[in-house]
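Coordinates as given in entry02.tsv (TSV, C-alpha atoms and all ligand atoms):
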```tsv
chain	number	residue	atom	x	y	z
A	149	MET	CA	48.87	-50.95	43.53
A	150	ASN	CA	48.40	-52.66	46.88
A	151	LEU	CA	48.58	-56.37	47.47
A	152	LEU	CA	45.67	-58.29	48.99
A	153	ASP	CA	48.09	-60.54	50.79
A	154	GLY	CA	46.57	-63.96	51.40
A	155	LYS	CA	49.64	-65.11	53.28
A	156	TYR	CA	49.43	-62.30	55.81
A	157	VAL	CA	45.66	-62.50	56.32
A	158	SER	CA	45.55	-66.28	56.47
A	159	GLU	CA	48.35	-66.46	59.06
A	160	LYS	CA	46.61	-63.85	61.18
A	161	LEU	CA	43.24	-65.62	61.00
A	162	LYS	CA	44.84	-69.00	61.68
A	163	GLN	CA	46.10	-67.67	65.00
A	164	GLU	CA	42.59	-66.59	65.93
A	165	ILE	CA	41.15	-69.94	64.83
A	166	ALA	CA	43.79	-71.82	66.84
A	167	ALA	CA	42.90	-69.87	69.98
A	168	GLU	CA	39.21	-70.69	69.52
A	169	ALA	CA	39.97	-74.34	68.79
A	170	ALA	CA	41.87	-74.52	72.09
A	171	GLU	CA	38.77	-73.17	73.85
A	172	VAL	CA	36.60	-75.80	72.16
A	173	LEU	CA	39.00	-78.50	73.39
A	174	GLU	CA	38.87	-77.12	76.90
A	175	THR	CA	35.09	-76.87	77.09
A	176	THR	CA	34.06	-79.99	75.16
A	177	GLY	CA	37.07	-82.25	75.69
A	178	ARG	CA	37.61	-82.74	71.98
A	179	LYS	CA	39.13	-80.93	69.03
A	180	PRO	CA	37.11	-79.67	66.06
A	181	HIS	CA	37.20	-82.61	63.63
A	182	LEU	CA	37.23	-82.43	59.83
A	183	VAL	CA	36.90	-85.53	57.66
A	184	ALA	CA	37.90	-85.38	53.99
A	185	ILE	CA	37.13	-88.05	51.42
A	186	LEU	CA	39.43	-88.25	48.42
A	187	VAL	CA	38.64	-90.50	45.46
A	188	GLY	CA	41.37	-91.37	42.96
A	189	ASN	CA	44.78	-89.79	42.44
A	190	ASP	CA	44.20	-86.45	40.73
A	191	GLY	CA	47.36	-84.38	41.27
A	192	GLY	CA	45.57	-81.12	42.04
A	193	SER	CA	43.10	-82.76	44.43
A	194	GLU	CA	45.92	-84.55	46.27
A	195	THR	CA	47.67	-81.23	46.83
A	196	TYR	CA	44.53	-79.41	47.99
A	197	VAL	CA	43.48	-82.14	50.41
A	198	ALA	CA	46.99	-82.49	51.82
A	199	SER	CA	47.05	-78.76	52.44
A	200	LYS	CA	43.64	-78.83	54.14
A	201	MET	CA	44.76	-81.65	56.44
A	202	LYS	CA	48.05	-79.93	57.25
A	203	ASN	CA	46.32	-76.68	58.11
A	204	CYS	CA	43.83	-78.49	60.36
A	205	GLU	CA	46.73	-79.86	62.38
A	206	LYS	CA	48.34	-76.41	62.51
A	207	VAL	CA	45.31	-74.82	64.17
A	208	GLY	CA	44.71	-77.69	66.57
A	209	PHE	CA	41.90	-79.50	64.74
A	210	LYS	CA	41.69	-83.23	64.30
A	211	SER	CA	41.66	-84.26	60.64
A	212	THR	CA	40.92	-87.59	59.05
A	213	LEU	CA	41.55	-88.44	55.40
A	214	ILE	CA	39.59	-91.31	53.89
A	215	ARG	CA	40.91	-92.45	50.52
A	216	TYR	CA	39.18	-94.50	47.87
A	217	ASP	CA	40.43	-95.97	44.67
A	218	GLU	CA	39.09	-94.43	41.44
A	219	SER	CA	36.92	-97.53	41.01
A	220	VAL	CA	34.88	-97.12	44.21
A	221	SER	CA	31.16	-97.44	43.52
A	222	GLU	CA	28.74	-94.59	44.07
A	223	ALA	CA	26.80	-96.75	46.54
A	224	GLU	CA	29.89	-97.44	48.63
A	225	LEU	CA	30.82	-93.76	48.73
A	226	LEU	CA	27.29	-92.72	49.70
A	227	ALA	CA	27.24	-95.34	52.46
A	228	LYS	CA	30.47	-93.90	53.88
A	229	VAL	CA	29.03	-90.38	53.77
A	230	GLU	CA	25.98	-91.61	55.68
A	231	GLU	CA	28.21	-93.29	58.29
A	232	ILE	CA	30.12	-90.04	58.85
A	233	ASN	CA	26.87	-88.06	58.94
A	234	GLN	CA	25.87	-90.17	61.96
A	235	ASP	CA	29.23	-89.91	63.72
A	236	ALA	CA	28.90	-87.46	66.61
A	237	GLU	CA	32.70	-87.10	66.74
A	238	VAL	CA	32.81	-85.43	63.31
A	239	ASP	CA	32.06	-81.73	62.86
A	240	GLY	CA	32.77	-81.26	59.17
A	241	LEU	CA	32.76	-83.52	56.11
A	242	ILE	CA	34.08	-82.67	52.66
A	243	VAL	CA	34.26	-84.82	49.56
A	244	GLN	CA	36.98	-83.48	47.28
A	245	LEU	CA	35.78	-82.70	43.77
A	246	PRO	CA	36.02	-83.62	40.95
A	247	LEU	CA	34.75	-87.20	41.33
A	248	PRO	CA	35.16	-89.95	38.72
A	249	LYS	CA	32.54	-89.85	35.95
A	250	HIS	CA	30.52	-92.83	37.28
A	251	ILE	CA	29.75	-90.95	40.52
A	252	ASP	CA	27.11	-88.23	40.49
A	253	PRO	CA	28.55	-85.26	42.42
A	254	GLU	CA	25.04	-83.89	43.04
A	255	LYS	CA	23.98	-87.09	44.82
A	256	VAL	CA	27.08	-86.98	46.99
A	257	THR	CA	26.67	-83.28	47.80
A	258	GLU	CA	23.05	-83.75	48.81
A	259	LYS	CA	23.86	-86.85	50.86
A	260	ILE	CA	26.19	-84.88	53.14
A	261	GLU	CA	24.40	-83.83	56.33
A	262	TYR	CA	23.92	-80.09	55.83
A	263	ARG	CA	24.93	-79.40	59.44
A	264	LYS	CA	28.36	-80.90	58.61
A	265	ASP	CA	28.60	-79.48	55.09
A	266	VAL	CA	31.59	-77.21	55.75
A	267	ASP	CA	32.20	-76.81	52.00
A	268	GLY	CA	28.81	-75.08	51.90
A	269	PHE	CA	27.71	-76.86	48.71
A	270	HIS	CA	24.49	-78.44	50.03
A	271	PRO	CA	21.29	-76.86	48.63
A	272	ILE	CA	20.16	-76.01	52.17
A	273	ASN	CA	23.30	-74.00	52.85
A	274	LEU	CA	23.18	-72.35	49.42
A	275	GLY	CA	19.50	-71.51	49.93
A	276	ARG	CA	20.16	-70.04	53.35
A	277	MET	CA	23.05	-68.01	51.95
A	278	MET	CA	20.71	-66.64	49.29
A	279	ARG	CA	18.35	-65.51	52.06
A	280	ASN	CA	21.16	-64.01	54.16
A	281	LEU	CA	20.61	-66.55	56.95
A	282	PRO	CA	23.37	-68.18	59.02
A	283	CYS	CA	24.90	-71.02	57.00
A	284	PHE	CA	28.14	-72.56	55.84
A	285	ILE	CA	29.36	-70.36	52.99
A	286	PRO	CA	31.40	-72.04	50.23
A	287	ALA	CA	35.03	-71.83	51.28
A	288	THR	CA	36.51	-69.86	48.38
A	289	PRO	CA	33.91	-67.06	48.28
A	290	TYR	CA	33.98	-67.00	52.09
A	291	GLY	CA	37.76	-66.60	52.05
A	292	ILE	CA	37.49	-63.76	49.54
A	293	MET	CA	34.90	-61.96	51.71
A	294	LEU	CA	37.19	-62.31	54.73
A	295	MET	CA	40.04	-60.80	52.74
A	296	LEU	CA	37.89	-57.85	51.58
A	297	GLU	CA	36.81	-57.36	55.19
A	298	GLU	CA	40.37	-57.45	56.52
A	299	TYR	CA	41.56	-54.76	54.08
A	300	LYS	CA	38.34	-52.75	54.54
A	301	ILE	CA	37.75	-52.66	50.79
A	302	GLU	CA	34.74	-50.46	50.04
A	303	THR	CA	32.20	-52.58	48.15
A	304	SER	CA	28.91	-50.76	48.75
A	305	GLY	CA	27.46	-49.34	45.54
A	306	LYS	CA	30.35	-50.65	43.45
A	307	HIS	CA	30.00	-52.57	40.21
A	308	CYS	CA	31.38	-56.07	40.66
A	309	VAL	CA	31.92	-58.25	37.61
A	310	VAL	CA	32.34	-61.93	38.36
A	311	ILE	CA	33.79	-63.99	35.51
A	312	GLY	CA	32.72	-67.63	35.76
A	313	ARG	CA	29.48	-69.06	37.18
A	314	SER	CA	30.53	-72.33	38.80
A	315	ASN	CA	28.57	-73.62	41.79
A	316	ILE	CA	31.63	-73.47	43.99
A	317	VAL	CA	33.06	-70.05	43.12
A	318	GLY	CA	31.41	-67.70	40.63
A	319	SER	CA	27.71	-68.15	41.44
A	320	PRO	CA	28.00	-67.98	45.25
A	321	MET	CA	30.46	-65.08	44.91
A	322	SER	CA	27.90	-63.13	42.89
A	323	ILE	CA	25.25	-63.71	45.56
A	324	LEU	CA	27.55	-62.67	48.41
A	325	MET	CA	28.64	-59.48	46.68
A	326	ALA	CA	25.02	-58.54	45.98
A	327	ARG	CA	23.74	-59.26	49.52
A	328	ASN	CA	22.69	-56.47	51.82
A	329	ALA	CA	25.76	-56.92	54.01
A	330	THR	CA	29.32	-55.73	54.52
A	331	PRO	CA	31.20	-56.60	52.40
A	332	GLY	CA	28.41	-56.66	49.83
A	333	ASN	CA	25.85	-54.22	48.46
A	334	CYS	CA	27.47	-54.34	45.05
A	335	THR	CA	25.70	-54.19	41.74
A	336	VAL	CA	26.81	-57.52	40.32
A	337	THR	CA	27.23	-58.75	36.78
A	338	LEU	CA	27.77	-62.51	36.58
A	339	THR	CA	29.46	-63.48	33.31
A	340	HIS	CA	30.28	-66.80	31.62
A	341	SER	CA	31.34	-68.32	28.32
A	342	ARG	CA	28.19	-67.15	26.50
A	343	THR	CA	28.46	-63.55	27.70
A	344	GLN	CA	28.60	-60.99	24.91
A	345	ASN	CA	30.83	-57.94	25.18
A	346	LEU	CA	32.70	-59.48	28.10
A	347	GLU	CA	35.71	-57.17	27.74
A	348	LYS	CA	33.48	-54.10	27.83
A	349	LEU	CA	31.66	-55.33	30.93
A	350	VAL	CA	34.90	-56.13	32.73
A	351	ARG	CA	36.27	-52.69	31.81
A	352	SER	CA	33.31	-51.11	33.60
A	353	ALA	CA	33.99	-53.02	36.84
A	354	ASP	CA	35.14	-51.47	40.10
A	355	ILE	CA	35.74	-54.98	41.43
A	356	ILE	CA	36.68	-57.94	39.23
A	357	VAL	CA	36.50	-61.53	40.41
A	358	ALA	CA	38.13	-63.86	37.88
A	359	ALA	CA	37.21	-67.54	38.27
A	360	ILE	CA	37.57	-69.04	34.83
A	361	GLY	CA	40.48	-71.47	34.85
A	362	LYS	CA	42.40	-69.90	31.96
A	363	LYS	CA	45.91	-68.53	32.46
A	364	ASN	CA	46.21	-64.73	32.03
A	365	PHE	CA	42.62	-64.46	30.72
A	366	VAL	CA	42.14	-60.97	32.19
A	367	THR	CA	44.52	-58.61	30.44
A	368	ALA	CA	45.44	-55.01	31.24
A	369	ASP	CA	43.23	-53.55	28.49
A	370	MET	CA	40.17	-55.13	30.19
A	371	VAL	CA	40.81	-53.41	33.53
A	372	LYS	CA	39.91	-49.85	34.40
A	373	ASP	CA	42.33	-47.75	36.44
A	374	GLY	CA	41.91	-48.29	40.17
A	375	ALA	CA	39.92	-51.52	39.97
A	376	VAL	CA	40.10	-54.12	42.74
A	377	VAL	CA	41.14	-57.43	41.17
A	378	ILE	CA	40.50	-60.80	42.79
A	379	ASP	CA	42.19	-63.67	40.97
A	380	VAL	CA	40.72	-67.06	41.88
A	381	GLY	CA	42.34	-69.02	39.07
A	382	ILE	CA	44.80	-71.80	39.73
A	383	ASN	CA	46.36	-72.97	36.50
A	384	ARG	CA	49.15	-75.51	36.92
A	385	GLU	CA	51.91	-75.77	34.37
A	386	VAL	CA	54.86	-78.13	34.38
A	387	SER	CA	58.07	-76.29	35.22
A	388	GLU	CA	61.68	-77.33	35.44
A	389	THR	CA	62.63	-74.37	37.56
A	390	THR	CA	60.52	-75.13	40.64
A	391	LYS	CA	61.05	-77.76	43.33
A	392	SER	CA	57.51	-79.07	43.02
A	393	GLY	CA	57.87	-79.56	39.26
A	394	TYR	CA	55.03	-77.19	38.41
A	395	LYS	CA	54.22	-73.52	38.51
A	396	LEU	CA	50.91	-71.83	39.31
A	397	TYR	CA	49.33	-69.08	37.26
A	398	GLY	CA	46.17	-67.11	37.92
A	399	ASP	CA	43.42	-66.09	35.53
A	400	VAL	CA	44.79	-62.54	35.57
A	401	ASP	CA	47.87	-61.27	33.75
A	402	PHE	CA	49.28	-60.04	37.07
A	403	GLU	CA	52.38	-58.34	35.71
A	404	ASN	CA	50.45	-55.97	33.45
A	405	VAL	CA	47.19	-55.68	35.41
A	406	ALA	CA	48.75	-54.95	38.82
A	407	PRO	CA	50.03	-51.44	37.94
A	408	LYS	CA	46.48	-50.40	36.92
A	409	SER	CA	44.71	-51.87	39.94
A	410	SER	CA	44.19	-50.33	43.37
A	411	TRP	CA	44.24	-53.76	45.05
A	412	ILE	CA	45.08	-57.16	43.61
A	413	THR	CA	45.54	-60.74	44.83
A	414	PRO	CA	48.69	-62.59	43.75
A	415	VAL	CA	48.75	-66.23	42.58
A	416	PRO	CA	49.99	-68.06	44.50
A	417	GLY	CA	49.66	-66.32	47.86
A	418	GLY	CA	46.15	-64.93	47.45
A	419	VAL	CA	42.73	-66.55	47.27
A	420	GLY	CA	44.02	-70.13	47.57
A	421	LEU	CA	45.29	-69.54	51.09
A	422	MET	CA	42.03	-67.82	52.03
A	423	THR	CA	39.98	-70.79	50.81
A	424	ILE	CA	41.58	-72.90	53.53
A	425	ILE	CA	40.60	-70.26	56.06
A	426	GLY	CA	36.98	-70.41	54.87
A	427	LEU	CA	37.00	-74.15	55.41
A	428	LEU	CA	38.62	-73.91	58.85
A	429	LYS	CA	36.18	-71.24	59.98
A	430	ASN	CA	33.20	-73.31	58.86
A	431	THR	CA	34.55	-76.36	60.69
A	432	LEU	CA	35.13	-74.33	63.83
A	433	ALA	CA	31.60	-72.85	63.63
A	434	SER	CA	30.24	-76.38	63.31
A	435	ALA	CA	32.21	-77.60	66.35
A	436	LYS	CA	30.92	-74.61	68.32
A	437	LYS	CA	27.38	-75.20	67.05
A	438	GLU	CA	27.25	-71.55	66.05
A	439	ILE	CA	25.11	-72.11	62.98
A	440	TYR	CA	23.13	-75.29	63.62
A	441	GLN	CA	22.40	-77.10	66.90
B	1	LIG	P1	34.67	-74.12	36.30
B	1	LIG	O1	35.44	-74.76	35.20
B	1	LIG	O2	33.67	-74.92	37.04
B	1	LIG	O3	33.96	-72.81	35.75
B	1	LIG	C1	34.61	-71.95	34.90
B	1	LIG	C2	33.67	-70.83	34.54
B	1	LIG	O4	34.35	-69.97	33.64
B	1	LIG	C3	32.41	-71.31	33.83
B	1	LIG	O5	31.27	-70.66	34.35
B	1	LIG	C4	32.65	-70.93	32.39
B	1	LIG	O6	31.48	-70.58	31.68
B	1	LIG	C5	33.52	-69.71	32.54
B	1	LIG	N1	34.30	-69.47	31.34
B	1	LIG	C6	35.08	-70.35	30.68
B	1	LIG	N2	35.61	-69.76	29.58
B	1	LIG	C7	35.13	-68.50	29.55
B	1	LIG	C8	35.29	-67.42	28.67
B	1	LIG	N3	36.05	-67.52	27.57
B	1	LIG	N4	34.66	-66.26	28.94
B	1	LIG	C9	33.88	-66.15	30.05
B	1	LIG	N5	33.69	-67.15	30.92
B	1	LIG	C10	34.31	-68.31	30.67
B	1	LIG	O7	35.78	-73.53	37.25
B	1	LIG	P2	35.83	-73.22	38.85
B	1	LIG	O8	34.92	-72.11	39.19
B	1	LIG	O9	35.74	-74.48	39.60
B	1	LIG	O10	37.32	-72.70	38.94
B	1	LIG	C11	37.78	-71.57	38.23
B	1	LIG	C12	39.26	-71.41	38.49
B	1	LIG	O11	39.44	-71.17	39.88
B	1	LIG	C13	40.11	-72.62	38.18
B	1	LIG	O12	41.39	-72.19	37.76
B	1	LIG	C14	40.22	-73.33	39.50
B	1	LIG	O13	41.38	-74.12	39.60
B	1	LIG	C15	40.30	-72.16	40.43
B	1	LIG	N6	39.86	-72.42	41.79
B	1	LIG	C16	40.62	-71.87	42.77
B	1	LIG	C17	40.28	-72.02	44.08
B	1	LIG	C18	41.11	-71.37	45.09
B	1	LIG	O14	41.04	-71.74	46.25
B	1	LIG	N7	41.92	-70.37	44.72
B	1	LIG	C19	39.10	-72.82	44.48
B	1	LIG	C20	38.32	-73.29	43.37
B	1	LIG	C21	38.70	-73.10	42.07
B	1	LIG	P3	30.30	-71.67	31.36
B	1	LIG	O15	29.56	-71.84	32.64
B	1	LIG	O16	29.50	-70.99	30.31
B	1	LIG	O17	30.98	-72.91	30.90
```
Starting from the file, give its structure as structure tokens.
Ligand code: NDP
Amino acid sequence: MNLLDGKYVSEKLKQEIAAEAAEVLETTGRKPHLVAILVGNDGGSETYVASKMKNCEKVGFKSTLIRYDESVSEAELLAKVEEINQDAEVDGLIVQLPLPKHIDPEKVTEKIEYRKDVDGFHPINLGRMMRNLPCFIPATPYGIMLMLEEYKIETSGKHCVVIGRSNIVGSPMSILMARNATPGNCTVTLTHSRTQNLEKLVRSADIIVAAIGKKNFVTADMVKDGAVVIDVGINREVSETTKSGYKLYGDVDFENVAPKSSWITPVPGGVGLMTIIGLLKNTLASAKKEIYQ
């Protein structure tokens, strides 16, 4: 078993991003700038946004956090998005999900100017990704692809089983793995809660991407010897033994699956750290106008 070490890869890529950000500052006179909007006080969202902001500072980006109370109206939020869309000093805009029930996340996602959509959730970016055109790729799948690239994991011709079909992880991951690109060129099976014979399908996988949101869902008997295992899950449980007061678990039973795998991501220390890199790279590409003018 070898570890796909998110800590190592993310630190390495952060150094590269920081060097490029310094060049942007020198040539344009300003830092790449990411704006995040956070609505309400969801514990997980607070942690993710704080980490995004912290990492922006680390690589020499400017970051701005705009907070709204849970009760903010949809109209007010959309008006703020429009204001930021028009702001020439902003390169990337993300609205942290989930949003309160009275706000339609689709409306918000589509309102974000696609040239600033560094989360890659806008239909234009998703459509361009589908067609293998330059675009902002959703941060988590992007981070996973960067990790596969870094470790030179052979994907061509392999059977990749993605578990979970969310718009932000499973679905885009399935498209990226199937694209005619490197990494890519997999034969992909996208599975979900209605999939029949899931265990059998997963057992036939050379590469497993688990994005379900259920602790230890993928067990050793579901994994064939030598499989590459990507664990996207972040399941938080209250813990008295950690400083933060909670402990993170993946969707994969790491302890028992790791000995069977050829490569595996740990949780924490795997995909989560790479997601931040996906976001930073998209923001940098936006500041450099590499994808859209
Ligand atoms: P969603 O809840 O949006 O999607 C979960 C998916 O899993 C759905 O497609 C669902 O199927 C499927 N599913 C649920 N139960 C089963 C089952 N018994 N068998 C097969 N499929 C099942 O989750 P996300 O994609 O947003 O997130 C998944 C996990 O990844 C979570 O733990 C989340 O915290 C984590 N995450 C981690 C990130 C990171 O940076 N590491 C980033 C984003 C998410 P159906 O569609 O039929 O309901």
Give one line per residue of chain A that approaches ligand LIG 1 (chain B) to at most 6 Å, naming the two atoms of the closest pair and their distance in Å to one decimal, counting all atoms listed in the file; sort by chain then ascending residue number and deliver it as a Markdown table.
```
| residue | atom | partner | partner_atom | distance |
| --- | --- | --- | --- | --- |
| A:Thr288 | CA | B:LIG1 | O14 | 5.3 |
| A:Ile311 | CA | B:LIG1 | N5 | 5.6 |
| A:Gly312 | CA | B:LIG1 | O4 | 3.6 |
| A:Arg313 | CA | B:LIG1 | O5 | 3.7 |
| A:Ser314 | CA | B:LIG1 | O8 | 4.4 |
| A:Ile316 | CA | B:LIG1 | O8 | 6.0 |
| A:Val317 | CA | B:LIG1 | O8 | 4.8 |
| A:Gly318 | CA | B:LIG1 | O8 | 5.8 |
| A:His340 | CA | B:LIG1 | N5 | 3.5 |
| A:Ser341 | CA | B:LIG1 | N5 | 3.7 |
| A:Arg342 | CA | B:LIG1 | O16 | 5.6 |
| A:Ala359 | CA | B:LIG1 | C11 | 4.1 |
| A:Ile360 | CA | B:LIG1 | O4 | 3.6 |
| A:Gly361 | CA | B:LIG1 | O12 | 3.1 |
| A:Val380 | CA | B:LIG1 | N7 | 4.5 |
| A:Gly381 | CA | B:LIG1 | O12 | 3.6 |
| A:Ile382 | CA | B:LIG1 | O12 | 4.0 |
| A:Asn383 | CA | B:LIG1 | O12 | 5.2 |
| A:Val419 | CA | B:LIG1 | N7 | 4.7 |
| A:Gly420 | CA | B:LIG1 | N7 | 3.5 |
| A:Thr423 | CA | B:LIG1 | O14 | 4.8 |
```
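Excluding Arg351 in chain A itself and same-chain residues fewer than 4 positions from it, the residues having an atom within 7 Å of it are A:Glu347, A:Met370, A:Val371, A:Lys372, counting all atoms listed in the file.
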Selection file, C-alpha atoms, as a PDB file, in the coordinates of the input:
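Dumped to again07.pdb:
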```pdb
ATOM      1  CA  GLU A 347      35.710 -57.170  27.740  1.00  0.00           C
ATOM      2  CA  MET A 370      40.170 -55.130  30.190  1.00  0.00           C
ATOM      3  CA  VAL A 371      40.810 -53.410  33.530  1.00  0.00           C
ATOM      4  CA  LYS A 372      39.910 -49.850  34.400  1.00  0.00           C
TER       5      LYS A 372
END
```
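Comparing the minimum interatomic distances between Lys362 in chain A and each of A:Asp401, A:Glu205, A:Glu194, A:Glu230, counting all atoms listed in the file, we find that A:Asp401 sits nearest.
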*Hey, which of A:Ile242, A:Val207, A:Val366, A:Met278 ends up closest to Glu159 in chain A? Count all atoms listed in the file.*
A:Val207
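Distances here use all atoms listed in the file; by that measure, the residue among A:Ala236, A:Arg276, A:Arg178, A:Gly191 closest to Glu385 in chain A is A:Gly191.
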